[in-house]
Each structure stands twice: as C-alpha cells, then as structure tokens.
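*Asks:* Okay, so here is my_file-v2.cif, and as you'll see once you scroll down, it has mmCIF, C-alpha atoms.
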data_entry
loop_
_atom_site.label_atom_id
_atom_site.label_comp_id
_atom_site.auth_asym_id
_atom_site.auth_seq_id
_atom_site.Cartn_x
_atom_site.Cartn_y
_atom_site.Cartn_z
CA PHE A 1 82.74 146.00 111.01
CA ILE A 2 84.95 142.95 111.36
CA GLU A 3 84.48 140.75 114.42
CA LEU A 4 87.69 139.71 116.16
CA ASP A 5 87.55 136.26 117.76
CA LEU A 6 89.22 136.69 121.16
CA LYS A 7 87.55 133.70 122.87
CA GLU A 8 90.71 131.58 123.05
CA TRP A 9 92.48 134.37 124.96
CA LYS A 10 89.97 134.22 127.85
CA LEU A 11 90.20 137.95 128.45
CA ARG A 12 88.38 139.31 131.46
CA ASN A 13 86.75 142.70 131.60
CA ILE A 14 87.97 144.55 128.51
CA SER A 15 87.39 148.14 129.62
CA THR A 16 89.07 150.30 126.99
CA LEU A 17 90.78 150.14 123.62
CA THR A 18 92.57 152.38 121.18
CA LYS A 19 93.62 152.08 117.58
CA ILE A 20 97.40 152.43 117.24
CA ASN A 21 97.42 152.06 113.44
CA GLU A 22 95.44 150.28 110.70
CA ASN A 23 96.49 146.84 111.93
CA THR A 24 97.12 147.32 115.66
CA LEU A 25 94.78 147.75 118.63
CA TRP A 26 95.61 148.08 122.30
CA LEU A 27 93.06 146.58 124.73
CA GLY A 28 92.91 147.46 128.43
CA HIS A 29 91.64 144.61 130.60
CA ALA A 30 91.80 143.09 134.07
CA GLU A 31 95.46 142.03 133.74
CA GLY A 32 96.96 144.96 131.81
CA ILE A 33 97.17 146.16 128.22
CA LEU A 34 97.41 143.86 125.21
CA GLU A 35 98.61 144.70 121.74
CA VAL A 36 96.51 142.94 119.08
CA LYS A 37 97.98 142.73 115.56
CA VAL A 38 95.30 142.09 112.92
CA SER A 39 95.58 141.36 109.20
CA ASN A 40 93.66 143.44 106.66
CA GLY A 41 91.07 140.63 106.57
CA GLY A 42 90.48 140.80 110.33
CA VAL A 43 92.48 137.70 111.29
CA ILE A 44 94.41 138.03 114.54
CA GLU A 45 98.10 137.57 113.76
CA LYS A 46 99.60 138.17 117.20
CA ILE A 47 98.58 139.18 120.72
CA SER A 48 101.17 140.28 123.24
CA GLN A 49 101.11 141.88 126.69
CA VAL A 50 102.56 145.41 126.51
CA VAL A 51 101.70 146.54 130.05
CA ASP A 52 101.42 144.19 133.03
CA LEU A 53 99.22 146.14 135.42
CA GLU A 54 96.19 144.86 137.32
CA GLY A 55 92.72 146.34 136.75
CA VAL A 56 93.25 148.71 133.81
CA SER A 57 90.15 150.89 133.43
CA TYR A 58 91.36 153.49 130.92
CA PHE A 59 94.49 154.61 129.10
CA LYS A 60 95.55 157.36 126.72
CA PHE A 61 98.70 158.89 125.29
CA ASP A 62 99.55 162.38 126.53
CA ASP A 63 101.11 165.23 124.54
CA ARG A 64 104.64 163.96 125.33
CA GLY A 65 103.85 160.48 124.02
CA ASP A 66 103.77 158.92 127.49
CA LEU A 67 101.02 156.43 128.26
CA LEU A 68 98.74 157.35 131.16
CA VAL A 69 96.95 154.34 132.64
CA GLY A 70 94.05 154.49 135.09
CA THR A 71 93.22 151.42 137.18
CA TRP A 72 90.11 150.44 139.13
CA ALA A 73 91.87 150.21 142.51
CA ASN A 74 95.57 151.07 142.22
CA GLY A 75 95.65 154.67 141.03
CA ILE A 76 97.08 156.23 137.89
CA PHE A 77 100.38 155.32 136.27
CA ARG A 78 102.54 157.01 133.65
CA ILE A 79 104.42 154.59 131.39
CA LEU A 80 107.80 156.03 130.33
CA MET A 81 110.39 154.36 128.08
CA GLN A 82 109.99 150.90 129.70
CA SER A 83 109.62 152.02 133.31
CA THR A 84 106.47 152.51 135.37
CA GLU A 85 106.14 155.52 137.65
CA LYS A 86 103.13 155.80 139.95
CA ILE A 87 101.85 159.37 139.69
CA ALA A 88 98.60 159.34 141.70
CA ARG A 89 96.51 157.18 143.96
#
Could you write out this structure as structure tokens?

*Replies:*
Amino acid sequence: FIELDLKEWKLRNISTLTKINENTLWLGHAEGILEVKVSNGGVIEKISQVVDLEGVSYFKFDDRGDLLVGTWANGIFRILMQSTEKIAR
C-alpha cells in the first residue's frame, strides 16, 4: 500500500473511488469526481475535477462506456461525451 497525501486538497466525504489505470484514480466526493494522477512512487502529480456534481455517492462505467453517477440527494446521472443527462430522481 502507498498512502496518498490528500490533506492539502481539503476533500470532504470521499465516498467512492475507482482505478482508471496504473497511475490514475477517480474519487467521488461531496463536490463531484476528481481525477488523481499518481507517479509510480505514489507522489500525486495532478488532481483535476472531471465531474462537477454535488454529493456524489457512487459511480461506475456501464457497458457502453458511459459514466453513471449516483448522488446523495439529487438522483442518478449519466455522463455522456461532455454532457450531463439526468436519468432518475
């Protein structure tokens, strides 16, 4: 295990994460989904917001490659090619 120091980012309520590849994680948190790029030694190289959506509780990629995002209070969203379509509440 390699500990990632995320203290300076002041993230609130990380609720879910997924490994995109060997050096990239996506973290779901109170303000959306972040992409975290990490070096092979565990040093954070870059963090960027990939989805700006309040209260992310869970996300996963479906069979079509779309990103399904569940939120604590605002329903479920499907993320398509840079647009957000609300699909349930």

*Asks:* Pull the neighbourhood of (97.6, 154.9, 136.3) for me: all residues within 12 Å in file coordinates, counting all atoms listed in the file, as a PyMOL selection string.

*Replies:* chain A and resi 28+32-33+51-61+66-80+84-89

*Asks:* Here is a test: counting all atoms listed in the file, which residue of A:Leu11, A:Leu17, A:Leu6, A:Val50 is nearest to Glu35 (chain A)?

*Replies:*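 Using all atoms listed in the file, Glu35 (chain A) sits closest to A:Val50.
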
*Asks:* Could you please determine the separation between CA of Ile44 (chain A) and CA of Thr16 (chain A) in Å, to one decimal place?

*Replies:*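 So the answer is 18.3 Å.
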
*Asks:* Measuring atom to atom with all atoms listed in the file, identify which of A:Lys37, A:Leu27, A:Lys46, A:Asp63 is nearest to Ile14 (chain A).

*Replies:*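 With all atoms listed in the file as the atom set, the closest residue is A:Leu27.
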
*Asks:* Near Asn40 (chain A), within 12 Å and counting only C-alpha atoms, which residues show up once chain neighbours fewer than 5 positions away are dropped, as a count of residues only?

*Replies:* 7

*Asks:* Grab the CA of Leu34 (chain A) to CA of Glu3 (chain A) distance for me, in Å with one decimal place.

*Replies:*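 If I compute the distance from CA of Leu34 (chain A) to CA of Glu3 (chain A), I get 17.1 Å.
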
*Asks:* What is the distance between CA of Val38 (chain A) and CA of Arg64 (chain A), in Å to one decimal?

*Replies:*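 Computing it gives 26.8 Å between the two atoms.
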
*Asks:* Emit as JSON the padded axis-aligned box for all listed atoms of region 59-72 of chain A, 6 Å per side, with centre and edge lengths in Å to one decimal.

*Replies:*
{"center_x": 97.4, "center_y": 157.8, "center_z": 131.6, "size_x": 26.5, "size_y": 26.8, "size_z": 27.1}

*Asks:* What would region 27-58 of chain A look like with N, CA and C atoms in place, written as a PDB file, in the frame of the given file?

*Replies:*
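Output (selection.pdb):
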ATOM      1  N   LEU A  27      94.221 146.854 123.895  1.00  0.00           N
ATOM      2  CA  LEU A  27      93.060 146.580 124.730  1.00  0.00           C
ATOM      3  C   LEU A  27      93.438 146.639 126.193  1.00  0.00           C
ATOM      4  N   GLY A  28      92.724 147.443 126.984  1.00  0.00           N
ATOM      5  CA  GLY A  28      92.910 147.460 128.430  1.00  0.00           C
ATOM      6  C   GLY A  28      91.954 146.461 129.049  1.00  0.00           C
ATOM      7  N   HIS A  29      92.467 145.636 129.967  1.00  0.00           N
ATOM      8  CA  HIS A  29      91.640 144.610 130.600  1.00  0.00           C
ATOM      9  C   HIS A  29      92.106 144.365 132.026  1.00  0.00           C
ATOM     10  N   ALA A  30      91.555 143.348 132.658  1.00  0.00           N
ATOM     11  CA  ALA A  30      91.800 143.090 134.070  1.00  0.00           C
ATOM     12  C   ALA A  30      93.270 142.836 134.416  1.00  0.00           C
ATOM     13  N   GLU A  31      94.060 142.344 133.466  1.00  0.00           N
ATOM     14  CA  GLU A  31      95.460 142.030 133.740  1.00  0.00           C
ATOM     15  C   GLU A  31      96.459 142.939 133.046  1.00  0.00           C
ATOM     16  N   GLY A  32      96.014 144.044 132.447  1.00  0.00           N
ATOM     17  CA  GLY A  32      96.960 144.960 131.810  1.00  0.00           C
ATOM     18  C   GLY A  32      96.500 145.454 130.460  1.00  0.00           C
ATOM     19  N   ILE A  33      97.466 145.669 129.573  1.00  0.00           N
ATOM     20  CA  ILE A  33      97.170 146.160 128.220  1.00  0.00           C
ATOM     21  C   ILE A  33      97.785 145.188 127.226  1.00  0.00           C
ATOM     22  N   LEU A  34      96.964 144.765 126.269  1.00  0.00           N
ATOM     23  CA  LEU A  34      97.410 143.860 125.210  1.00  0.00           C
ATOM     24  C   LEU A  34      97.520 144.598 123.904  1.00  0.00           C
ATOM     25  N   GLU A  35      98.503 144.218 123.105  1.00  0.00           N
ATOM     26  CA  GLU A  35      98.610 144.700 121.740  1.00  0.00           C
ATOM     27  C   GLU A  35      98.095 143.586 120.832  1.00  0.00           C
ATOM     28  N   VAL A  36      97.113 143.910 119.988  1.00  0.00           N
ATOM     29  CA  VAL A  36      96.510 142.940 119.080  1.00  0.00           C
ATOM     30  C   VAL A  36      96.866 143.354 117.650  1.00  0.00           C
ATOM     31  N   LYS A  37      97.623 142.505 116.969  1.00  0.00           N
ATOM     32  CA  LYS A  37      97.980 142.730 115.560  1.00  0.00           C
ATOM     33  C   LYS A  37      96.980 141.965 114.709  1.00  0.00           C
ATOM     34  N   VAL A  38      96.359 142.668 113.745  1.00  0.00           N
ATOM     35  CA  VAL A  38      95.300 142.090 112.920  1.00  0.00           C
ATOM     36  C   VAL A  38      95.644 142.278 111.451  1.00  0.00           C
ATOM     37  N   SER A  39      95.367 141.248 110.641  1.00  0.00           N
ATOM     38  CA  SER A  39      95.580 141.360 109.200  1.00  0.00           C
ATOM     39  C   SER A  39      94.500 142.239 108.587  1.00  0.00           C
ATOM     40  N   ASN A  40      94.669 142.622 107.346  1.00  0.00           N
ATOM     41  CA  ASN A  40      93.660 143.440 106.660  1.00  0.00           C
ATOM     42  C   ASN A  40      92.322 142.728 106.577  1.00  0.00           C
ATOM     43  N   GLY A  41      92.313 141.398 106.618  1.00  0.00           N
ATOM     44  CA  GLY A  41      91.070 140.630 106.570  1.00  0.00           C
ATOM     45  C   GLY A  41      90.448 140.394 107.931  1.00  0.00           C
ATOM     46  N   GLY A  42      91.043 140.936 108.996  1.00  0.00           N
ATOM     47  CA  GLY A  42      90.480 140.800 110.330  1.00  0.00           C
ATOM     48  C   GLY A  42      90.939 139.573 111.092  1.00  0.00           C
ATOM     49  N   VAL A  43      91.951 138.875 110.600  1.00  0.00           N
ATOM     50  CA  VAL A  43      92.480 137.700 111.290  1.00  0.00           C
ATOM     51  C   VAL A  43      93.539 138.157 112.284  1.00  0.00           C
ATOM     52  N   ILE A  44      93.427 137.680 113.522  1.00  0.00           N
ATOM     53  CA  ILE A  44      94.410 138.030 114.540  1.00  0.00           C
ATOM     54  C   ILE A  44      95.720 137.326 114.229  1.00  0.00           C
ATOM     55  N   GLU A  45      96.777 138.109 114.063  1.00  0.00           N
ATOM     56  CA  GLU A  45      98.100 137.570 113.760  1.00  0.00           C
ATOM     57  C   GLU A  45      98.927 137.357 115.010  1.00  0.00           C
ATOM     58  N   LYS A  46      98.769 138.252 115.993  1.00  0.00           N
ATOM     59  CA  LYS A  46      99.600 138.170 117.200  1.00  0.00           C
ATOM     60  C   LYS A  46      98.939 138.976 118.310  1.00  0.00           C
ATOM     61  N   ILE A  47      99.002 138.435 119.531  1.00  0.00           N
ATOM     62  CA  ILE A  47      98.580 139.180 120.720  1.00  0.00           C
ATOM     63  C   ILE A  47      99.721 139.112 121.715  1.00  0.00           C
ATOM     64  N   SER A  48     100.104 140.264 122.247  1.00  0.00           N
ATOM     65  CA  SER A  48     101.170 140.280 123.240  1.00  0.00           C
ATOM     66  C   SER A  48     100.838 141.290 124.337  1.00  0.00           C
ATOM     67  N   GLN A  49     101.313 140.997 125.534  1.00  0.00           N
ATOM     68  CA  GLN A  49     101.110 141.880 126.690  1.00  0.00           C
ATOM     69  C   GLN A  49     102.117 143.021 126.580  1.00  0.00           C
ATOM     70  N   VAL A  50     101.639 144.276 126.566  1.00  0.00           N
ATOM     71  CA  VAL A  50     102.560 145.410 126.510  1.00  0.00           C
ATOM     72  C   VAL A  50     102.681 146.115 127.853  1.00  0.00           C
ATOM     73  N   VAL A  51     101.655 145.983 128.696  1.00  0.00           N
ATOM     74  CA  VAL A  51     101.700 146.540 130.050  1.00  0.00           C
ATOM     75  C   VAL A  51     101.116 145.503 130.994  1.00  0.00           C
ATOM     76  N   ASP A  52     101.866 145.148 132.033  1.00  0.00           N
ATOM     77  CA  ASP A  52     101.420 144.190 133.030  1.00  0.00           C
ATOM     78  C   ASP A  52     101.005 144.967 134.271  1.00  0.00           C
ATOM     79  N   LEU A  53      99.720 145.302 134.351  1.00  0.00           N
ATOM     80  CA  LEU A  53      99.220 146.140 135.420  1.00  0.00           C
ATOM     81  C   LEU A  53      97.785 145.721 135.711  1.00  0.00           C
ATOM     82  N   GLU A  54      97.495 145.393 136.962  1.00  0.00           N
ATOM     83  CA  GLU A  54      96.190 144.860 137.320  1.00  0.00           C
ATOM     84  C   GLU A  54      95.079 145.917 137.253  1.00  0.00           C
ATOM     85  N   GLY A  55      93.941 145.535 136.696  1.00  0.00           N
ATOM     86  CA  GLY A  55      92.720 146.340 136.750  1.00  0.00           C
ATOM     87  C   GLY A  55      92.720 147.591 135.902  1.00  0.00           C
ATOM     88  N   VAL A  56      93.229 147.526 134.680  1.00  0.00           N
ATOM     89  CA  VAL A  56      93.250 148.710 133.810  1.00  0.00           C
ATOM     90  C   VAL A  56      91.812 149.117 133.482  1.00  0.00           C
ATOM     91  N   SER A  57      91.488 150.374 133.740  1.00  0.00           N
ATOM     92  CA  SER A  57      90.150 150.890 133.430  1.00  0.00           C
ATOM     93  C   SER A  57      90.162 151.821 132.222  1.00  0.00           C
ATOM     94  N   TYR A  58      91.271 152.519 132.007  1.00  0.00           N
ATOM     95  CA  TYR A  58      91.360 153.490 130.920  1.00  0.00           C
ATOM     96  C   TYR A  58      92.824 153.794 130.647  1.00  0.00           C
TER      97      TYR A  58
END
